[in-house]
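Novice: Hey, dropping upload_20.txt in here, compact mmCIF, C-alpha atoms:
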```
# COMPACT_ATOMS: atom_id res chain seq x y z
CA MET E 1 0.00 0.00 0.00
CA PRO E 2 1.59 3.33 -1.05
CA ALA E 3 2.63 5.80 1.63
CA PRO E 4 0.32 8.80 1.98
CA SER E 5 1.32 11.87 -0.01
CA ALA E 6 2.46 15.13 1.57
CA ARG E 7 -0.96 16.64 0.83
CA GLU E 8 -2.80 13.69 2.41
CA ARG E 9 -0.65 13.92 5.56
CA PHE E 10 -1.27 17.68 5.78
CA PHE E 11 -5.04 17.22 5.51
CA ALA E 12 -4.95 14.46 8.10
CA LEU E 13 -3.28 16.90 10.49
CA LEU E 14 -5.78 19.64 9.58
CA HIS E 15 -8.84 17.42 10.09
CA ALA E 16 -7.53 16.13 13.42
CA ALA E 17 -6.73 19.66 14.67
CA ALA E 18 -10.12 21.05 13.62
CA GLU E 19 -12.07 18.18 15.11
CA ASN E 20 -10.24 17.83 18.45
CA GLY E 21 -9.96 21.56 19.19
CA ALA E 22 -6.21 21.86 18.64
CA LEU E 23 -6.42 24.22 15.67
CA VAL E 24 -4.93 27.64 16.42
CA LYS E 25 -5.03 29.00 12.87
CA LEU E 26 -4.52 28.11 9.22
CA THR E 27 -2.98 30.62 6.81
CA LEU E 28 -3.07 30.25 3.04
CA GLY E 29 -0.80 32.30 0.79
CA LYS E 30 0.72 32.49 -2.70
CA TYR E 31 -2.70 32.84 -4.27
CA ARG E 32 -2.94 31.72 -7.91
CA GLY E 33 -6.70 31.91 -8.46
CA ALA E 34 -8.83 34.02 -10.77
CA ASP E 35 -9.43 37.04 -8.48
CA PRO E 36 -6.41 39.37 -8.76
CA ALA E 37 -7.46 41.37 -5.67
CA LEU E 38 -7.39 38.36 -3.29
CA LYS E 39 -4.11 37.99 -1.41
CA ASN E 40 -4.51 35.56 1.50
CA LEU E 41 -7.00 33.46 3.44
CA PHE E 42 -6.84 33.15 7.24
CA VAL E 43 -8.87 30.48 9.06
CA ARG E 44 -9.47 30.46 12.83
CA PRO E 45 -11.87 28.60 15.15
CA VAL E 46 -14.84 30.50 16.55
CA THR E 47 -17.72 29.58 18.85
CA LEU E 48 -21.20 30.77 17.85
CA LYS E 49 -24.66 30.00 19.17
CA ALA E 50 -24.86 27.37 16.44
CA GLY E 51 -21.71 25.71 17.80
CA ALA E 52 -18.05 25.46 16.84
CA GLN E 53 -17.24 26.83 13.39
CA LEU E 54 -14.26 27.98 11.34
CA SER E 55 -14.04 31.65 10.44
CA PHE E 56 -12.61 32.39 6.97
CA VAL E 57 -11.06 35.87 6.57
CA TYR E 58 -10.40 36.62 2.90
CA ARG E 59 -7.71 39.32 2.73
CA TYR E 60 -8.05 41.54 -0.34
CA ALA E 61 -5.83 44.46 -1.30
CA THR E 62 -8.15 47.02 0.31
CA ARG E 63 -10.68 45.07 2.42
CA ASP E 64 -11.36 41.89 4.38
CA VAL E 65 -14.35 39.58 3.93
CA THR E 66 -15.29 37.22 6.77
CA LYS E 67 -17.44 34.09 6.41
CA ASN E 68 -18.16 31.44 9.06
CA HIS E 69 -18.76 27.76 8.26
CA PRO E 70 -19.51 24.61 10.29
CA ILE E 71 -16.36 22.53 10.58
CA PRO E 72 -17.30 19.74 8.09
CA GLU E 73 -18.38 22.31 5.51
CA ALA E 74 -15.24 24.38 6.12
CA LEU E 75 -12.95 21.39 5.61
CA ALA E 76 -14.72 20.56 2.37
CA LEU E 77 -14.27 24.15 1.17
CA LEU E 78 -10.57 24.05 1.99
CA ASP E 79 -9.93 20.88 -0.01
CA PRO E 80 -9.69 22.54 -3.47
CA LEU E 81 -8.04 25.69 -2.10
CA VAL E 82 -4.99 24.12 -0.42
CA GLY E 83 -2.48 23.35 -3.15
CA GLY E 84 -4.95 24.54 -5.79
CA GLU E 85 -5.67 28.25 -5.60
CA PHE E 86 -3.19 28.72 -2.74
CA LEU E 87 0.29 27.24 -3.14
CA ASP E 88 1.38 27.78 0.45
CA ALA E 89 -0.42 26.63 3.63
CA HIS E 90 0.65 26.92 7.27
CA LEU E 91 -1.20 24.97 9.96
CA PHE E 92 -0.60 26.11 13.55
CA THR E 93 -1.38 23.95 16.59
CA PRO E 94 0.03 24.16 20.14
CA ALA E 95 2.34 21.24 19.33
CA GLN E 96 3.69 22.07 15.87
CA VAL E 97 3.61 24.13 12.71
CA ALA E 98 2.99 22.23 9.48
CA GLN E 99 3.72 23.83 6.11
CA LEU E 100 2.49 22.41 2.82
CA ALA E 101 4.34 23.96 -0.12
CA THR E 102 3.09 23.34 -3.66
CA ASP E 103 5.17 24.29 -6.68
CA ASP E 104 3.91 25.36 -10.11
CA ARG E 105 3.97 21.75 -11.31
CA GLY E 106 1.69 20.62 -8.50
CA GLU E 107 4.39 18.80 -6.54
CA THR E 108 4.03 19.12 -2.76
CA ARG E 109 6.39 19.13 0.21
CA LEU E 110 5.42 18.90 3.88
CA HIS E 111 7.59 20.57 6.53
CA LEU E 112 6.94 19.96 10.22
CA LYS E 113 8.36 22.12 13.01
CA THR E 114 7.85 21.82 16.75
CA ALA E 115 5.99 24.85 18.08
CA THR E 116 7.97 26.81 20.67
CA ALA E 117 5.29 29.20 21.87
CA ALA E 118 2.12 28.83 19.90
CA PRO E 119 -0.94 30.57 21.31
CA SER E 120 -3.51 28.33 22.97
CA PRO E 121 -6.40 27.32 20.72
CA ALA E 122 -9.16 29.05 22.67
CA PRO E 123 -11.96 29.71 20.15
CA ALA E 124 -13.09 33.29 19.75
CA ALA E 125 -16.71 33.73 20.74
CA HIS E 126 -18.75 36.08 18.57
CA ASP E 127 -21.96 35.76 20.60
CA ARG E 128 -20.53 36.27 24.11
CA ALA E 129 -17.95 38.41 25.89
CA ARG E 130 -15.01 39.05 23.62
CA ASP E 131 -11.84 36.96 24.01
CA TYR E 132 -8.79 39.21 23.65
CA LEU E 133 -5.50 38.12 22.10
CA ILE E 134 -3.86 39.76 25.13
CA PRO E 135 -6.09 38.88 28.10
CA ALA E 136 -6.55 41.23 31.02
CA SER E 137 -5.01 38.54 33.23
CA ALA E 138 -1.54 39.05 31.67
CA PRO E 139 0.65 40.03 34.69
CA TRP E 140 2.70 42.58 32.75
CA LEU E 141 -0.45 44.64 32.10
CA LYS E 142 -0.84 45.07 35.85
CA GLU E 143 2.84 45.96 36.29
CA LEU E 144 2.59 48.64 33.59
CA GLY E 145 -0.50 50.13 35.21
CA VAL E 146 -3.08 49.10 32.62
CA ILE E 147 -5.01 46.58 34.76
CA ASN E 148 -5.97 46.83 38.44
CA ASP E 149 -5.95 44.17 41.16
CA ARG E 150 -9.46 43.03 40.13
CA GLY E 151 -8.30 42.20 36.60
CA GLN E 152 -10.06 45.22 35.08
CA PRO E 153 -8.65 48.22 33.18
CA ARG E 154 -7.71 51.07 35.50
CA GLU E 155 -9.62 54.33 35.21
CA GLY E 156 -8.70 55.96 31.93
CA MET E 157 -6.87 52.83 30.63
CA ALA E 158 -9.72 50.91 28.98
CA SER E 159 -8.94 52.49 25.61
CA LYS E 160 -5.25 51.64 26.03
CA PHE E 161 -6.16 47.99 26.71
CA ARG E 162 -8.29 47.91 23.54
CA GLN E 163 -5.54 49.66 21.58
CA ILE E 164 -2.98 47.03 22.64
CA ASN E 165 -5.25 44.24 21.46
CA ARG E 166 -6.16 45.97 18.21
CA PHE E 167 -2.50 46.54 17.42
CA VAL E 168 -1.58 42.91 18.17
CA GLU E 169 -4.47 41.75 15.96
CA LEU E 170 -3.22 43.92 13.07
CA LEU E 171 0.37 42.81 13.64
CA SER E 172 -0.75 39.18 13.53
CA HIS E 173 -2.43 39.64 10.14
CA LEU E 174 0.37 41.74 8.65
CA SER E 175 3.05 39.30 9.79
CA ASP E 176 1.15 36.51 8.04
CA GLU E 177 1.41 38.49 4.79
CA ALA E 178 5.05 39.58 5.12
CA PRO E 179 7.96 37.47 3.83
CA LEU E 180 9.42 36.95 7.30
CA PRO E 181 12.21 34.41 7.93
CA ALA E 182 10.96 30.97 8.91
CA ASP E 183 14.29 29.43 9.95
CA ARG E 184 14.92 31.70 12.96
CA PRO E 185 13.03 34.05 15.29
CA PHE E 186 12.26 37.22 13.33
CA ARG E 187 13.39 40.53 14.79
CA ILE E 188 10.87 43.20 15.78
CA VAL E 189 12.18 46.67 16.64
CA ASP E 190 9.72 49.14 18.19
CA MET E 191 11.11 52.66 17.76
CA GLY E 192 10.07 55.26 20.33
CA CYS E 193 8.24 52.63 22.37
CA GLY E 194 7.46 54.79 25.42
CA LYS E 195 6.30 52.65 28.32
CA GLY E 196 6.33 49.59 26.11
CA TYR E 197 2.63 48.72 26.07
CA LEU E 198 2.64 47.61 22.44
CA THR E 199 6.19 46.22 22.65
CA PHE E 200 5.14 43.86 25.44
CA GLY E 201 1.99 43.02 23.48
CA ALA E 202 4.03 41.94 20.45
CA ALA E 203 6.44 39.91 22.61
CA ALA E 204 3.58 38.21 24.47
CA PHE E 205 1.74 37.30 21.28
CA PHE E 206 4.69 35.92 19.28
CA GLY E 207 6.58 34.28 22.16
CA ASP E 208 9.75 32.51 21.00
CA ARG E 209 8.89 33.19 17.35
CA ALA E 210 10.25 36.75 17.64
CA GLU E 211 13.10 38.69 19.21
CA VAL E 212 11.63 42.05 20.27
CA THR E 213 13.60 45.24 20.99
CA GLY E 214 12.06 48.45 22.27
CA VAL E 215 13.90 51.75 21.70
CA GLU E 216 13.13 54.70 23.98
CA ALA E 217 15.00 57.95 24.68
CA ARG E 218 13.88 58.17 28.33
CA SER E 219 16.26 56.01 30.34
CA GLU E 220 13.89 55.68 33.30
CA LEU E 221 11.27 54.01 31.07
CA VAL E 222 13.92 51.70 29.60
CA ALA E 223 14.94 50.60 33.10
CA LEU E 224 11.30 50.06 34.13
CA CYS E 225 10.47 47.99 31.06
CA ASN E 226 13.60 45.84 31.35
CA ASP E 227 12.76 45.13 35.01
CA VAL E 228 9.21 44.07 34.10
CA ALA E 229 10.47 41.94 31.21
CA ARG E 230 12.90 40.10 33.49
CA ARG E 231 10.34 39.53 36.24
CA GLU E 232 7.73 38.22 33.82
CA GLY E 233 10.11 35.87 31.99
CA PHE E 234 10.25 37.57 28.57
CA ARG E 235 13.42 35.85 27.39
CA LEU E 236 13.58 37.51 23.95
CA LEU E 237 12.42 41.02 24.92
CA THR E 238 14.85 43.86 25.63
CA PHE E 239 14.70 47.64 25.82
CA VAL E 240 17.55 49.99 24.88
CA ALA E 241 18.03 53.70 25.46
CA GLY E 242 18.48 56.03 22.52
CA THR E 243 16.81 58.12 19.87
CA ILE E 244 15.20 56.67 16.78
CA ALA E 245 17.92 58.13 14.57
CA GLU E 246 20.88 57.05 16.68
CA ALA E 247 20.02 53.91 18.71
CA ALA E 248 22.15 50.85 17.94
CA VAL E 249 19.71 48.01 17.26
CA PRO E 250 19.81 44.80 15.22
CA ALA E 251 18.61 44.99 11.63
CA PRO E 252 14.83 44.56 11.94
CA ASP E 253 12.55 42.19 10.07
CA VAL E 254 9.58 44.16 11.43
CA LEU E 255 10.02 47.85 12.21
CA ILE E 256 7.38 49.65 14.29
CA ALA E 257 7.16 53.36 15.05
CA LEU E 258 3.87 54.50 16.55
CA HIS E 259 3.31 58.21 17.23
CA ALA E 260 6.92 59.19 16.53
CA CYS E 261 6.78 62.97 16.24
CA ASP E 262 7.24 64.73 12.89
CA THR E 263 10.42 63.63 11.05
CA ALA E 264 11.22 60.91 13.64
CA THR E 265 8.76 58.78 11.66
CA ASP E 266 10.91 59.36 8.57
CA ASP E 267 14.07 58.40 10.48
CA ALA E 268 12.43 55.12 11.51
CA LEU E 269 11.16 54.33 8.01
CA ALA E 270 14.57 55.05 6.49
CA GLN E 271 16.22 52.62 8.92
CA GLY E 272 13.71 49.93 8.02
CA VAL E 273 14.18 50.47 4.28
CA ALA E 274 17.97 50.46 4.63
CA ALA E 275 17.76 47.13 6.48
CA GLY E 276 15.44 45.66 3.84
CA ALA E 277 12.88 44.93 6.55
CA PRO E 278 10.00 42.85 5.15
CA LEU E 279 7.41 44.76 7.21
CA LEU E 280 7.22 48.41 8.28
CA ILE E 281 4.41 49.75 10.49
CA VAL E 282 4.15 53.41 11.47
CA SER E 283 1.47 55.66 12.90
CA PRO E 284 2.69 59.21 12.16
CA CYS E 285 2.24 62.16 14.49
CA CYS E 286 2.72 65.94 14.37
CA GLN E 287 3.42 66.32 10.64
CA LYS E 288 5.02 69.78 10.82
CA GLU E 289 7.89 69.65 8.34
CA LEU E 290 5.94 70.35 5.15
CA ARG E 291 3.35 72.80 6.47
CA PRO E 292 5.39 75.99 5.79
CA GLN E 293 6.34 74.75 2.31
CA LEU E 294 2.88 73.90 1.04
CA LYS E 295 1.27 75.94 -1.67
CA SER E 296 -2.32 75.19 -2.65
CA PRO E 297 -4.54 76.05 -5.61
CA PRO E 298 -5.99 79.59 -5.24
CA ILE E 299 -9.49 78.12 -5.03
CA LEU E 300 -8.56 76.68 -1.60
CA ALA E 301 -7.25 79.95 -0.15
CA ASP E 302 -10.42 80.83 1.76
CA ALA E 303 -10.73 77.34 3.21
CA LEU E 304 -7.09 77.18 4.27
CA LYS E 305 -7.22 80.40 6.27
CA HIS E 306 -8.44 78.12 9.05
CA GLY E 307 -5.58 76.53 10.97
CA ILE E 308 -7.31 73.19 11.44
CA PHE E 309 -7.60 72.73 7.68
CA GLN E 310 -3.96 73.69 7.20
CA GLU E 311 -3.00 71.05 9.76
CA ARG E 312 -5.08 68.34 8.10
CA GLN E 313 -3.75 69.28 4.67
CA ALA E 314 -0.18 68.95 5.98
CA GLU E 315 -1.02 65.55 7.50
CA PHE E 316 -2.52 64.29 4.24
CA VAL E 317 0.28 65.54 1.99
CA THR E 318 3.05 64.30 4.33
CA ASP E 319 1.67 60.80 4.73
CA ALA E 320 0.65 60.47 1.07
CA LEU E 321 4.21 61.37 0.10
CA ARG E 322 5.60 58.84 2.59
CA ALA E 323 3.43 56.10 1.10
CA GLN E 324 4.63 56.96 -2.41
CA LEU E 325 8.27 56.97 -1.30
CA LEU E 326 7.85 53.53 0.26
CA GLU E 327 6.35 52.24 -2.97
CA TRP E 328 9.36 53.66 -4.85
CA ALA E 329 11.54 51.76 -2.34
CA GLY E 330 9.91 48.46 -3.36
CA TYR E 331 7.13 48.17 -0.78
CA ARG E 332 3.41 47.54 -1.13
CA THR E 333 1.67 50.03 1.14
CA LYS E 334 -1.63 50.12 3.02
CA VAL E 335 -2.93 53.28 4.70
CA PHE E 336 -5.86 52.95 7.10
CA GLU E 337 -7.31 53.90 10.50
CA PHE E 338 -6.16 51.34 13.03
CA ILE E 339 -8.30 52.40 15.98
CA SER E 340 -11.31 54.63 16.54
CA THR E 341 -10.80 58.38 16.93
CA GLU E 342 -12.62 57.88 20.24
CA HIS E 343 -9.34 56.48 21.59
CA THR E 344 -6.81 58.70 19.80
CA ALA E 345 -6.95 61.36 17.09
CA LYS E 346 -3.61 60.11 15.72
CA ASN E 347 -5.04 56.90 14.35
CA LEU E 348 -3.65 56.71 10.82
CA MET E 349 -1.42 53.74 10.15
CA ILE E 350 0.92 53.11 7.22
CA ALA E 351 1.88 49.46 6.72
CA ALA E 352 4.45 48.54 4.08
CA LEU E 353 5.32 45.02 2.95
CA LYS E 354 8.47 44.36 0.93
CA ALA E 355 7.44 43.39 -2.58
CA GLY E 356 10.34 44.03 -4.95
CA PRO E 357 13.39 46.12 -5.81
CA ALA E 358 13.60 49.87 -5.34
CA GLY E 359 14.08 52.64 -7.87
CA GLU E 360 11.24 52.35 -10.37
CA PRO E 361 11.72 55.46 -12.59
CA SER E 362 8.01 56.01 -13.17
CA ALA E 363 7.40 56.01 -9.40
CA ALA E 364 10.13 58.62 -8.96
CA ARG E 365 8.53 60.82 -11.63
CA ARG E 366 5.13 60.62 -9.95
CA ILE E 367 6.70 61.61 -6.63
CA GLN E 368 8.38 64.61 -8.26
CA GLU E 369 5.12 65.68 -9.89
CA PHE E 370 3.30 65.34 -6.55
CA ALA E 371 5.97 67.42 -4.79
CA GLU E 372 5.90 70.09 -7.49
CA PHE E 373 2.11 70.40 -7.29
CA TRP E 374 2.24 71.07 -3.54
CA GLY E 375 5.39 73.23 -3.62
CA ILE E 376 7.49 70.75 -1.65
CA ARG E 377 11.20 71.52 -1.91
CA SER E 378 12.54 69.06 0.65
CA GLN E 379 11.26 66.24 2.84
CA ARG E 380 13.14 64.14 5.37
CA LEU E 381 12.34 60.64 4.10
CA ALA E 382 12.98 61.62 0.48
CA SER E 383 16.39 63.00 1.48
CA LEU E 384 17.29 59.88 3.49
CA LEU E 385 16.28 57.61 0.59
CA GLY E 386 18.08 59.77 -1.98
CA VAL E 387 14.96 60.67 -3.95
CA ALA E 388 15.21 64.09 -5.59
CA LEU E 389 12.07 66.25 -5.34
```
Render the structure in this file as structure tokens.

Specialist:
Amino acid sequence: MPAPSARERFFALLHAAAENGALVKLTLGKYRGADPALKNLFVRPVTLKAGAQLSFVYRYATRDVTKNHPIPEALALLDPLVGGEFLDAHLFTPAQVAQLATDDRGETRLHLKTATAAPSPAPAAHDRARDYLIPASAPWLKELGVINDRGQPREGMASKFRQINRFVELLSHLSDEAPLPADRPFRIVDMGCGKGYLTFGAAAFFGDRAEVTGVEARSELVALCNDVARREGFRLLTFVAGTIAEAAVPAPDVLIALHACDTATDDALAQGVAAGAPLLIVSPCCQKELRPQLKSPPILADALKHGIFQERQAEFVTDALRAQLLEWAGYRTKVFEFISTEHTAKNLMIAALKAGPAGEPSAARRIQEFAEFWGIRSQRLASLLGVAL
């Protein structure tokens, strides 16, 4: 009797994990189907009133579509997708990670790796109290002052708790899309990390899959965060003192800079581009550099006599130019709101995934035309990347 194929062994693992509750997640990539806008498919267990189901999140270029299916139906739907429309599949359980790779000729290979710190397969419940990726019971949340002794957010910290979880959720999805190394822990560097709320969140979520470094100029916060990391057993989490432009850190695979003021965001992006980081994530703040340079069409003069409109125009032009510069540098960019304005007004996020080589001449020309239209003579990221405006 012939030995089972790589695909048959993968599906045996998938069926067993889905049916016995061990499934953490399934990610499908390298899409080769008919819809050019579809990029990835992410599958996770959920618990609904109707019972246990699998939630399919179809990741398109500009939107996500979620559909829930009973487990038998879901497994049947996955059968033609794995190795058919998607050439790469990763199955995560608490015990191991299984990868099924399919080449263009239809030949398959199965790789198995022992999981070092996979998240527990607790199903997300859509019809009851929300299960957070970072639970309120995490001891480091209490040490950082987010959670009180009763396991509830402290006064004024509920939005911070939600922000931590929203960021970790986004980071989980973006890391699934990015070409991160699979043969070693990938390196996350969080520039200007402050008190380390999101840095700890990333370290807690990825466990031994990632080495995480937080960079902060205030030495007292660096000392505090390192003390908490040691007490709570974060083996691969460290904090270093320094500015974004000058701190000595390992070349990142994932670079994060949230709410870095004005051109500090550009300094962080330039470091990530120079390192060839597969994933860059920034949430810009205080976009002041371009405001005195901007010229607008005369028709906007009356509107722009109001300072608030001048500020928003500067924000739009600055971040639109940053996105274009990242695309010139060989990245695929996404710009979106990552959390409600109820929690913070500075809620724009730019995510960039490495997609190809830098220096496309047509992209440079479009950047120059954009800069000329707005009267931009110089901009920090353009200067650091060597793009003439």

Novice: Counting only C-alpha atoms, figure out which residue out of E:Phe200, E:Arg59, E:Asp79, E:Arg209 gets nearest to E:Ala182.

Specialist: E:Arg209

Novice: If we count all atoms listed in the file, what is near stretch 260-270 of chain E at a cut-off of 10 Å, once residues fewer than 4 positions away on the same chain are taken out, given as a VMD selection string?

Specialist: chain E and resid 189 to 194 243 to 246 255 to 256 274 to 277 280 to 290 315 318 322 326 329 352 379 to 385

Novice: Please compute the atom CA of E:Glu143-atom CA of E:Arg231 distance, one decimal, in Å.

Specialist: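 If I compute the distance from atom CA of E:Glu143 to atom CA of E:Arg231, I get 9.9 Å.
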
Novice: In the coordinates of the file, take the point (5.9, 36.5, 20.1) and a cut-off of 12 Å; then, counting all atoms listed in the file, name each qualifying protein, DNA or RNA residue as a ChimeraX atom specification.

Specialist: /E:115-119,133-134,168,171-172,175,185-188,198-213,234-237

Novice: Keeping only C-alpha atoms, write those residues as a PDB file, in the coordinates of the input.

Specialist:
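Saved file part.pdb follows:
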```
ATOM      1  CA  ALA E 115       5.990  24.850  18.080  1.00  0.00           C
ATOM      2  CA  THR E 116       7.970  26.810  20.670  1.00  0.00           C
ATOM      3  CA  ALA E 117       5.290  29.200  21.870  1.00  0.00           C
ATOM      4  CA  ALA E 118       2.120  28.830  19.900  1.00  0.00           C
ATOM      5  CA  PRO E 119      -0.940  30.570  21.310  1.00  0.00           C
ATOM      6  CA  LEU E 133      -5.500  38.120  22.100  1.00  0.00           C
ATOM      7  CA  ILE E 134      -3.860  39.760  25.130  1.00  0.00           C
ATOM      8  CA  VAL E 168      -1.580  42.910  18.170  1.00  0.00           C
ATOM      9  CA  LEU E 171       0.370  42.810  13.640  1.00  0.00           C
ATOM     10  CA  SER E 172      -0.750  39.180  13.530  1.00  0.00           C
ATOM     11  CA  SER E 175       3.050  39.300   9.790  1.00  0.00           C
ATOM     12  CA  PRO E 185      13.030  34.050  15.290  1.00  0.00           C
ATOM     13  CA  PHE E 186      12.260  37.220  13.330  1.00  0.00           C
ATOM     14  CA  ARG E 187      13.390  40.530  14.790  1.00  0.00           C
ATOM     15  CA  ILE E 188      10.870  43.200  15.780  1.00  0.00           C
ATOM     16  CA  LEU E 198       2.640  47.610  22.440  1.00  0.00           C
ATOM     17  CA  THR E 199       6.190  46.220  22.650  1.00  0.00           C
ATOM     18  CA  PHE E 200       5.140  43.860  25.440  1.00  0.00           C
ATOM     19  CA  GLY E 201       1.990  43.020  23.480  1.00  0.00           C
ATOM     20  CA  ALA E 202       4.030  41.940  20.450  1.00  0.00           C
ATOM     21  CA  ALA E 203       6.440  39.910  22.610  1.00  0.00           C
ATOM     22  CA  ALA E 204       3.580  38.210  24.470  1.00  0.00           C
ATOM     23  CA  PHE E 205       1.740  37.300  21.280  1.00  0.00           C
ATOM     24  CA  PHE E 206       4.690  35.920  19.280  1.00  0.00           C
ATOM     25  CA  GLY E 207       6.580  34.280  22.160  1.00  0.00           C
ATOM     26  CA  ASP E 208       9.750  32.510  21.000  1.00  0.00           C
ATOM     27  CA  ARG E 209       8.890  33.190  17.350  1.00  0.00           C
ATOM     28  CA  ALA E 210      10.250  36.750  17.640  1.00  0.00           C
ATOM     29  CA  GLU E 211      13.100  38.690  19.210  1.00  0.00           C
ATOM     30  CA  VAL E 212      11.630  42.050  20.270  1.00  0.00           C
ATOM     31  CA  THR E 213      13.600  45.240  20.990  1.00  0.00           C
ATOM     32  CA  PHE E 234      10.250  37.570  28.570  1.00  0.00           C
ATOM     33  CA  ARG E 235      13.420  35.850  27.390  1.00  0.00           C
ATOM     34  CA  LEU E 236      13.580  37.510  23.950  1.00  0.00           C
ATOM     35  CA  LEU E 237      12.420  41.020  24.920  1.00  0.00           C
TER      36      LEU E 237
END
```

Novice: Between E:Gly214, E:Pro361, E:Gly196, E:Pro252, which has the minimum distance to E:Thr238 (counting all atoms listed in the file)?

Specialist: E:Gly214

Novice: Select, from E:Val215, E:Val387, E:Ile71, E:Leu353, the residue with the minimum atom-to-atom distance to E:Glu19, counting only C-alpha atoms.

Specialist: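 Result for the nearest residue to E:Glu19: E:Ile71.
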
Novice: Skipping near chain neighbours, those fewer than 5 positions away, what residues fall within 10 Å of E:Tyr31 using all atoms listed in the file, listed as a PyMOL selection string?

Specialist: chain E and resi 36-41+81-88

Novice: Using atom CA of E:Leu91 and atom CA of E:Arg184 as the two end points, give the distance in Å to one decimal.

Specialist: 17.7 Å

Novice: With all atoms listed in the file as the atoms that count, which of E:His306, E:Arg332, E:His90, E:His173 lies nearest to E:Lys113?

Specialist: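 Checking each candidate against E:Lys113, we get E:His90 as the closest.
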
Novice: Determine the nearest neighbour of E:Arg154 from the options E:Ala6, E:Leu141, E:Pro297, E:Thr108, counting all atoms listed in the file.

Specialist: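 Once distances to E:Arg154 are computed over all atoms listed in the file, the minimum belongs to E:Leu141.
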
Novice: Take atom CA of E:Lys295 and atom CA of E:Phe373 and report the distance between them in Å, one decimal.

Specialist: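 Distance between the two atoms: 7.9 Å.
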
Novice: So, with all atoms listed in the file as the atoms that count, which of E:Val273, E:Ala323, E:Val317, E:Ala247 lies closest to E:Pro357?

Specialist: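 Of E:Val273, E:Ala323, E:Val317, E:Ala247, the one nearest E:Pro357, counting all atoms listed in the file, is E:Val273.
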
Novice: Near E:Asp176, within 9 Å and counting only C-alpha atoms, which residues show up once chain neighbours fewer than 6 positions away are dropped, as number ranges by chain?

Specialist: E: 27, 29, 40, 42
